[in-house]
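Chemist: Dropping in model-v2.cif, with mmCIF, C-alpha atoms.
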```cif
data_upload
loop_
_atom_site.label_atom_id
_atom_site.label_comp_id
_atom_site.auth_asym_id
_atom_site.auth_seq_id
_atom_site.Cartn_x
_atom_site.Cartn_y
_atom_site.Cartn_z
CA GLY A 1 152.22 66.64 60.54
CA ALA A 2 153.19 69.26 63.06
CA VAL A 3 156.91 69.90 63.10
CA VAL A 4 158.99 71.55 65.79
CA SER A 5 162.51 72.50 64.84
CA GLN A 6 165.33 73.16 67.28
CA HIS A 7 168.59 74.83 66.46
CA PRO A 8 171.38 74.07 66.94
CA SER A 9 171.20 70.32 67.39
CA TRP A 10 174.42 70.42 69.35
CA VAL A 11 176.73 73.09 70.70
CA ILE A 12 179.98 73.18 72.62
CA CYS A 13 180.83 76.33 74.52
CA LYS A 14 183.37 77.52 77.03
CA SER A 15 182.51 78.04 80.67
CA GLY A 16 181.24 81.55 81.31
CA THR A 17 179.82 82.15 77.86
CA SER A 18 176.16 82.29 76.87
CA VAL A 19 174.36 80.02 74.45
CA LYS A 20 171.06 80.60 72.67
CA ILE A 21 168.82 77.74 71.58
CA GLU A 22 165.92 78.31 69.19
CA CYS A 23 162.65 76.43 69.02
CA ARG A 24 160.38 76.98 66.03
CA SER A 25 156.99 75.60 65.14
CA LEU A 26 157.22 75.20 61.38
CA ASP A 27 153.64 74.65 60.27
CA PHE A 28 151.50 75.84 63.15
CA GLN A 29 151.25 78.68 65.60
CA ALA A 30 152.11 78.09 69.23
CA THR A 31 151.24 80.60 71.90
CA THR A 32 152.64 78.19 74.46
CA MET A 33 155.93 76.34 74.29
CA PHE A 34 157.72 74.33 76.94
CA TRP A 35 161.41 73.84 77.68
CA TYR A 36 162.70 70.57 79.14
CA ARG A 37 166.12 69.43 80.28
CA GLN A 38 167.28 65.83 80.24
CA PHE A 39 170.44 64.58 81.92
CA PRO A 40 171.98 61.26 80.79
CA LYS A 41 169.86 58.23 81.63
CA GLN A 42 167.20 60.42 83.23
CA SER A 43 163.74 61.60 82.37
CA LEU A 44 162.70 64.89 80.87
CA MET A 45 162.25 67.58 83.48
CA LEU A 46 160.17 70.65 82.75
CA MET A 47 162.15 73.85 83.17
CA ALA A 48 159.68 76.51 82.13
CA THR A 49 156.54 77.35 80.23
CA SER A 50 157.03 79.98 77.55
CA ASN A 51 154.13 82.20 76.54
CA GLU A 52 154.11 84.53 73.58
CA GLY A 53 153.85 88.12 74.71
CA SER A 54 154.31 87.48 78.40
CA LYS A 55 156.86 86.32 80.90
CA ALA A 56 157.80 82.69 81.12
CA THR A 57 156.71 80.60 84.08
CA TYR A 58 159.62 78.77 85.65
CA GLU A 59 159.50 75.53 87.59
CA GLN A 60 160.71 75.45 91.15
CA GLY A 61 164.48 75.35 91.35
CA VAL A 62 165.10 76.73 87.86
CA GLU A 63 166.92 80.06 87.90
CA LYS A 64 165.09 82.51 85.66
CA ASP A 65 168.10 84.83 85.44
CA LYS A 66 170.29 82.00 84.22
CA PHE A 67 167.86 80.49 81.74
CA LEU A 68 166.40 83.40 79.82
CA ILE A 69 163.34 82.64 77.74
CA ASN A 70 161.98 84.89 75.02
CA HIS A 71 158.83 83.99 73.11
CA ALA A 72 158.92 86.75 70.55
CA SER A 73 156.42 85.41 68.05
CA LEU A 74 153.80 82.72 67.69
CA THR A 75 156.33 80.41 66.05
CA LEU A 76 159.56 81.08 67.93
CA SER A 77 160.79 80.67 71.50
CA THR A 78 164.42 80.98 72.52
CA LEU A 79 166.26 79.71 75.57
CA THR A 80 169.51 81.42 76.48
CA VAL A 81 171.79 79.72 78.96
CA THR A 82 173.78 82.57 80.47
CA SER A 83 177.22 82.21 82.02
CA ALA A 84 177.19 78.52 81.28
CA HIS A 85 179.01 76.09 83.55
CA PRO A 86 179.90 72.44 83.02
CA GLU A 87 176.95 71.36 85.18
CA ASP A 88 174.63 73.00 82.63
CA SER A 89 175.75 70.41 80.09
CA SER A 90 172.58 68.55 79.19
CA PHE A 91 170.06 67.74 76.47
CA TYR A 92 167.57 70.60 76.12
CA ILE A 93 164.27 69.81 74.41
CA CYS A 94 161.43 72.13 73.52
CA SER A 95 157.83 71.30 72.81
CA ALA A 96 154.92 73.27 71.47
CA ARG A 97 151.15 73.14 71.57
CA ASP A 98 149.30 73.89 68.36
CA ASP A 99 146.98 76.83 69.04
CA ARG A 100 144.24 75.07 67.10
CA SER A 101 144.27 72.04 69.36
CA SER A 102 142.49 71.47 72.66
CA TYR A 103 144.22 71.92 76.00
CA ASN A 104 144.75 68.20 76.48
CA SER A 105 146.20 67.50 73.05
CA PRO A 106 149.66 65.95 72.91
CA LEU A 107 152.62 68.25 72.56
CA HIS A 108 154.93 68.24 69.56
CA PHE A 109 158.59 67.90 70.48
CA GLY A 110 161.72 69.18 68.85
CA ASN A 111 164.76 66.95 68.34
CA GLY A 112 166.68 68.50 71.18
CA THR A 113 169.92 70.39 71.59
CA ARG A 114 172.94 68.75 73.15
CA LEU A 115 174.85 71.39 75.13
CA THR A 116 178.38 70.66 76.29
CA VAL A 117 180.14 73.26 78.43
CA THR A 118 183.88 72.86 78.71
CA GLY B 1 155.49 67.75 92.92
CA GLN B 2 153.88 65.06 90.84
CA GLN B 3 155.89 61.94 90.14
CA LEU B 4 155.34 59.20 87.65
CA ASN B 5 157.09 55.93 88.37
CA GLN B 6 157.65 53.47 85.57
CA SER B 7 158.49 49.81 85.82
CA PRO B 8 160.51 48.02 84.89
CA GLN B 9 163.41 50.44 84.64
CA SER B 10 164.90 48.33 81.84
CA MET B 11 164.09 45.21 79.90
CA PHE B 12 166.21 42.90 77.80
CA ILE B 13 164.04 40.62 75.72
CA GLN B 14 164.18 38.30 72.75
CA GLU B 15 162.84 39.34 69.37
CA GLY B 16 159.25 38.18 69.00
CA GLU B 17 158.41 38.42 72.69
CA ASP B 18 155.64 40.56 74.05
CA VAL B 19 156.56 43.46 76.32
CA SER B 20 154.61 45.09 79.11
CA MET B 21 155.48 48.18 81.09
CA ASN B 22 153.48 50.34 83.43
CA CYS B 23 153.33 53.71 84.99
CA THR B 24 151.88 54.81 88.30
CA SER B 25 151.26 58.22 89.71
CA SER B 26 150.74 59.69 93.14
CA SER B 27 148.04 61.94 91.73
CA ILE B 28 145.35 61.97 89.07
CA PHE B 29 145.95 62.86 85.43
CA ASN B 30 143.32 63.72 82.86
CA THR B 31 145.34 62.56 79.89
CA TRP B 32 148.00 59.87 79.63
CA LEU B 33 150.53 59.74 76.83
CA TRP B 34 153.19 57.25 75.85
CA TYR B 35 156.32 58.41 74.05
CA LYS B 36 159.38 56.67 72.64
CA GLN B 37 162.78 58.33 72.63
CA GLU B 38 165.81 57.20 70.67
CA PRO B 39 169.35 58.38 71.46
CA GLY B 40 169.97 62.02 70.65
CA GLU B 41 166.40 62.71 69.61
CA GLY B 42 163.25 64.18 71.07
CA PRO B 43 160.38 61.98 72.24
CA VAL B 44 157.89 60.77 69.66
CA LEU B 45 154.25 60.24 70.56
CA LEU B 46 153.04 56.63 70.39
CA ILE B 47 149.60 56.64 71.98
CA ALA B 48 147.32 59.18 73.68
CA LEU B 49 144.64 58.22 76.21
CA TYR B 50 141.88 60.62 77.20
CA LYS B 51 139.34 58.70 79.29
CA ALA B 52 139.64 56.51 82.36
CA GLY B 53 139.38 52.88 81.32
CA GLU B 54 140.19 53.64 77.69
CA LEU B 55 142.09 50.97 75.81
CA THR B 56 143.80 52.15 72.62
CA SER B 57 145.91 50.38 70.03
CA ASN B 58 148.43 51.63 67.50
CA GLY B 59 149.72 48.74 65.43
CA ARG B 60 151.55 46.37 67.78
CA LEU B 61 151.17 48.79 70.67
CA THR B 62 148.29 48.78 73.12
CA ALA B 63 147.86 51.12 76.06
CA GLN B 64 145.25 51.54 78.74
CA PHE B 65 144.24 54.45 80.94
CA GLY B 66 143.65 53.13 84.43
CA ILE B 67 140.23 53.46 86.05
CA THR B 68 141.66 55.38 88.99
CA ARG B 69 143.39 57.80 86.54
CA LYS B 70 146.60 57.18 88.46
CA ASP B 71 148.10 54.51 86.25
CA SER B 72 148.57 53.30 82.70
CA PHE B 73 150.23 50.40 80.94
CA LEU B 74 151.79 49.91 77.53
CA ASN B 75 152.07 46.56 75.78
CA ILE B 76 154.17 45.84 72.71
CA SER B 77 153.41 42.60 70.93
CA ALA B 78 155.89 40.55 68.90
CA SER B 79 158.84 42.87 69.53
CA ILE B 80 161.29 43.64 66.74
CA PRO B 81 164.79 45.15 66.86
CA SER B 82 163.57 48.64 65.96
CA ASP B 83 161.49 48.70 69.15
CA VAL B 84 164.72 49.43 71.01
CA GLY B 85 164.61 52.74 72.84
CA ILE B 86 163.38 54.41 75.97
CA TYR B 87 159.66 54.50 76.57
CA PHE B 88 158.20 57.27 78.67
CA CYS B 89 154.73 57.68 80.05
CA ALA B 90 153.57 61.23 80.56
CA GLY B 91 150.57 62.82 82.18
CA LEU B 92 148.74 66.04 81.51
CA ASP B 93 147.24 67.46 84.66
CA GLY B 94 144.53 69.56 83.09
CA ILE B 95 145.38 72.58 85.19
CA LEU B 96 145.59 75.62 82.98
CA THR B 97 148.42 77.56 84.52
CA GLY B 98 150.72 79.95 82.72
CA GLY B 99 148.86 79.43 79.47
CA GLY B 100 148.81 75.67 79.23
CA ASN B 101 148.67 72.55 81.33
CA LYS B 102 151.95 70.87 81.98
CA LEU B 103 153.23 67.50 80.86
CA THR B 104 154.99 65.41 83.52
CA PHE B 105 157.19 62.56 82.34
CA GLY B 106 157.72 59.19 83.94
CA THR B 107 161.09 57.76 84.86
CA GLY B 108 161.34 55.76 81.64
CA THR B 109 161.71 52.11 80.63
CA GLN B 110 164.71 51.18 78.51
CA LEU B 111 163.93 48.38 76.09
CA LYS B 112 166.64 46.27 74.50
CA VAL B 113 165.76 43.57 72.01
CA GLU B 114 168.00 40.61 71.38
CA LEU B 115 167.92 39.02 67.96
#
```
Do you think you could lay out the structure here as structure tokens?

Modeler:
Amino acid sequence: GAVVSQHPSWVICKSGTSVKIECRSLDFQATTMFWYRQFPKQSLMLMATSNEGSKATYEQGVEKDKFLINHASLTLSTLTVTSAHPEDSSFYICSARDDRSSYNSPLHFGNGTRLTVT
Amino acid sequence: GQQLNQSPQSMFIQEGEDVSMNCTSSSIFNTWLWYKQEPGEGPVLLIALYKAGELTSNGRLTAQFGITRKDSFLNISASIPSDVGIYFCAGLDGILTGGGNKLTFGTGTQLKVEL
């Protein structure tokens, strides 16, 4: 089945540093990937839609200069949290849509990255 | 923005009992999905619903897409300990913006099963 891999699965960083999270579709191509953030005991909230070869589309309230998204190939999207602060500590999850599937097909999710900013 | 409200927020049931949870929306969705999430992991798809009124089963799980396209329910029959987790409904709005329509998640239902 379709597999989405995220790396790293967890990361601890100091306040003020930047952290890069990778999302790869392992056995399919994905022109479109999505980045979600989940705080403890809360739902998944969409942060941005990542499109290969073009700029990401950010949801209202998400700072594009703080959360840099690069979708460099059809199998890789990266999310960089710049100048991280403790309030950025969260569970970041990516998902991808198989290019061969229809627009209303379910998304495939990665296993998430737990970010802790100290 | 769109909101999906799930109820109940949490459930604590005995093994073997049937479980029912539902999801309501303030707006219409073209596709409803049900996911399960375990601690520290991403959500895993359980059931996908594509047509209003559709009733779909996956083993002990049954889900229905409401006629109004603003609600859905998920039933789990004869619960077992491994059913523990958080269940999320999610809706696809069918609006192709930015390269793909967006998935909106519900507030979640935490299920705990007592042996």

Chemist: So which one's closest to Thr78 in chain A, A:Ile93, A:Val62, A:Leu46, A:Ile12? Using only C-alpha atoms, please.

Modeler: A:Ile93

Chemist: Which residues match the PyMOL selection byres ((chain A and resi 96) around 8) in the file above, as a ChimeraX atom specification?

Modeler: /A:4,25,30,32-34,94-95,97-98,107-109

Chemist: Work out how far apart CA of Val11 in chain A and CA of Arg114 in chain A are and give it in Å to one decimal.

Modeler: 6.3 Å

Chemist: Could you list, as a PDB file with C-alpha atoms, keeping the file's coordinate frame, the residues of chain B having an atom within 6 Å of chain A when counting only C-alpha atoms?

Modeler:
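Writing done, so here's part_26.pdb:
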```
ATOM      1  CA  GLU B  41     166.400  62.710  69.610  1.00  0.00           C
ATOM      2  CA  GLY B  42     163.250  64.180  71.070  1.00  0.00           C
ATOM      3  CA  THR B 107     161.090  57.760  84.860  1.00  0.00           C
TER       4      THR B 107
END
```

Chemist: Any chance you could resolve the PyMOL selection byres ((chain A and resi 13) around 10) against this file and give the residues as a PyMOL selection string?

Modeler: chain A and resi 11-12+14-19+84-86+89+115-118

Chemist: CA of Thr109 in chain B and CA of Gly91 in chain B are how many Å apart?

Modeler: 15.5 Å

Chemist: One number please: CA of Trp32 in chain B to CA of Leu92 in chain B, in Å, one decimal.

Modeler: 6.5 Å

Chemist: Quick one: apply the PyMOL selection byres ((chain B and resi 14) around 6) to the file and drop the selected residues here as a list in words.

Modeler: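 Matching residues under the PyMOL selection byres ((chain B and resi 14) around 6) are Ile13, Glu15, Glu17, Val113 and Glu114 of chain B.
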
Chemist: Choose the residue, out of B:Ser82, B:Leu103, B:Phe88, B:Thr31, that has the smallest atom-to-atom separation from Gln9 in chain B; count all atoms listed in the file.

Modeler: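 Between B:Ser82, B:Leu103, B:Phe88, B:Thr31, the residue approaching Gln9 in chain B most closely is B:Phe88.
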
Chemist: Could you produce a table of the residues of range 15-42 of chain B lying within 9 Å of range 58-75 of chain B, with the nearest pair of atoms per residue and their separation in Å rounded to one decimal, using all atoms listed in the file, ordered by chain and increasing residue number, as JSON lines?

Modeler:
```
{"residue": "B:Asp18", "atom": "CA", "partner": "B:Asn75", "partner_atom": "CA", "distance": 7.2}
{"residue": "B:Val19", "atom": "CA", "partner": "B:Asn75", "partner_atom": "CA", "distance": 5.5}
{"residue": "B:Ser20", "atom": "CA", "partner": "B:Asn75", "partner_atom": "CA", "distance": 4.4}
{"residue": "B:Met21", "atom": "CA", "partner": "B:Leu74", "partner_atom": "CA", "distance": 5.4}
{"residue": "B:Asn22", "atom": "CA", "partner": "B:Phe73", "partner_atom": "CA", "distance": 4.1}
{"residue": "B:Cys23", "atom": "CA", "partner": "B:Ser72", "partner_atom": "CA", "distance": 5.3}
{"residue": "B:Thr24", "atom": "CA", "partner": "B:Asp71", "partner_atom": "CA", "distance": 4.3}
{"residue": "B:Ser25", "atom": "CA", "partner": "B:Lys70", "partner_atom": "CA", "distance": 4.9}
{"residue": "B:Ser26", "atom": "CA", "partner": "B:Lys70", "partner_atom": "CA", "distance": 6.7}
{"residue": "B:Ser27", "atom": "CA", "partner": "B:Lys70", "partner_atom": "CA", "distance": 6.0}
{"residue": "B:Ile28", "atom": "CA", "partner": "B:Lys70", "partner_atom": "CA", "distance": 5.0}
{"residue": "B:Phe29", "atom": "CA", "partner": "B:Arg69", "partner_atom": "CA", "distance": 5.8}
{"residue": "B:Asn30", "atom": "CA", "partner": "B:Arg69", "partner_atom": "CA", "distance": 7.0}
{"residue": "B:Thr31", "atom": "CA", "partner": "B:Phe65", "partner_atom": "CA", "distance": 8.3}
{"residue": "B:Trp32", "atom": "CA", "partner": "B:Phe65", "partner_atom": "CA", "distance": 6.7}
{"residue": "B:Leu33", "atom": "CA", "partner": "B:Ser72", "partner_atom": "CA", "distance": 8.9}
{"residue": "B:Trp34", "atom": "CA", "partner": "B:Leu74", "partner_atom": "CA", "distance": 7.7}
```

Chemist: Could you tell me which of B:Ile86, B:Ala52, B:Leu115, B:Val44 comes closest to Ala2 in chain A if we count only C-alpha atoms?

Modeler: B:Val44

Chemist: When distances are computed from all atoms listed in the file, which of B:Gly53, B:Thr104, B:Gly40, B:Gln110 shows the smallest separation from Asp83 in chain B?

Modeler: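 Residue with the minimum atom-to-atom distance to Asp83 in chain B: B:Gln110.
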
Chemist: Counting only C-alpha atoms, figure out which residue out of A:Ser102, A:Glu87, A:Lys20, A:Phe39 gets nearest to Phe67 in chain A.

Modeler: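 Of the candidates, the smallest distance to Phe67 in chain A is held by A:Lys20.
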
Chemist: For Ser83 in chain A, which of A:Val3, A:Ile21, A:Leu68, A:Met47 is the closest residue, counting all atoms listed in the file?

Modeler: A:Leu68

Chemist: Can you fill out range 20-31 of chain B with all heavy atoms and hand it back as a compact mmCIF listing (two decimals), in the coordinates of the input?

Modeler:
```
# COMPACT_ATOMS: atom_id res chain seq x y z
N SER B 20 155.60 44.32 78.33
CA SER B 20 154.61 45.09 79.11
C SER B 20 155.33 45.99 80.09
O SER B 20 156.26 45.57 80.77
CB SER B 20 153.67 44.13 79.87
OG SER B 20 152.67 44.85 80.52
N MET B 21 154.91 47.23 80.14
CA MET B 21 155.48 48.18 81.09
C MET B 21 154.35 49.02 81.65
O MET B 21 153.32 49.21 81.00
CB MET B 21 156.54 49.06 80.41
CG MET B 21 156.03 49.87 79.25
SD MET B 21 157.36 50.68 78.33
CE MET B 21 157.94 49.32 77.31
N ASN B 22 154.55 49.52 82.87
CA ASN B 22 153.48 50.34 83.43
C ASN B 22 153.99 51.57 84.13
O ASN B 22 155.20 51.74 84.34
CB ASN B 22 152.56 49.51 84.33
CG ASN B 22 153.26 49.04 85.57
OD1 ASN B 22 154.39 49.41 85.86
ND2 ASN B 22 152.59 48.23 86.33
N CYS B 23 153.04 52.38 84.47
CA CYS B 23 153.33 53.71 84.99
C CYS B 23 152.32 54.03 86.08
O CYS B 23 151.11 53.85 85.86
CB CYS B 23 153.21 54.71 83.83
SG CYS B 23 153.73 56.36 84.21
N THR B 24 152.80 54.45 87.22
CA THR B 24 151.88 54.81 88.30
C THR B 24 152.18 56.20 88.79
O THR B 24 153.33 56.66 88.76
CB THR B 24 151.98 53.82 89.48
OG1 THR B 24 153.33 53.79 89.95
CG2 THR B 24 151.57 52.43 89.05
N SER B 25 151.15 56.84 89.28
CA SER B 25 151.26 58.22 89.71
C SER B 25 150.74 58.38 91.12
O SER B 25 149.86 57.63 91.56
CB SER B 25 150.47 59.11 88.75
OG SER B 25 150.32 60.41 89.29
N SER B 26 151.25 59.38 91.80
CA SER B 26 150.74 59.69 93.14
C SER B 26 149.51 60.57 93.06
O SER B 26 148.82 60.79 94.06
CB SER B 26 151.83 60.40 93.96
OG SER B 26 152.27 61.56 93.29
N SER B 27 149.21 61.09 91.88
CA SER B 27 148.04 61.94 91.73
C SER B 27 147.34 61.65 90.40
O SER B 27 147.85 60.91 89.57
CB SER B 27 148.43 63.42 91.82
OG SER B 27 149.44 63.72 90.91
N ILE B 28 146.19 62.24 90.23
CA ILE B 28 145.35 61.97 89.07
C ILE B 28 145.80 62.78 87.86
O ILE B 28 146.18 63.94 87.99
CB ILE B 28 143.88 62.32 89.41
CG1 ILE B 28 143.32 61.29 90.39
CG2 ILE B 28 143.02 62.38 88.16
CD1 ILE B 28 141.95 61.67 90.93
N PHE B 29 145.74 62.15 86.69
CA PHE B 29 145.95 62.86 85.43
C PHE B 29 144.71 62.72 84.56
O PHE B 29 144.03 61.71 84.58
CB PHE B 29 147.18 62.30 84.70
CG PHE B 29 148.48 62.72 85.32
CD1 PHE B 29 149.19 61.85 86.13
CD2 PHE B 29 148.99 63.98 85.09
CE1 PHE B 29 150.39 62.23 86.71
CE2 PHE B 29 150.18 64.37 85.67
CZ PHE B 29 150.88 63.50 86.49
N ASN B 30 144.46 63.73 83.76
CA ASN B 30 143.32 63.72 82.86
C ASN B 30 143.63 63.12 81.50
O ASN B 30 142.73 62.74 80.76
CB ASN B 30 142.78 65.14 82.66
CG ASN B 30 142.17 65.68 83.94
OD1 ASN B 30 141.54 64.94 84.70
ND2 ASN B 30 142.35 66.95 84.19
N THR B 31 144.90 63.11 81.16
CA THR B 31 145.34 62.56 79.89
C THR B 31 146.66 61.82 80.11
O THR B 31 147.53 62.35 80.80
CB THR B 31 145.56 63.68 78.85
OG1 THR B 31 144.35 64.41 78.65
CG2 THR B 31 146.04 63.11 77.51
```
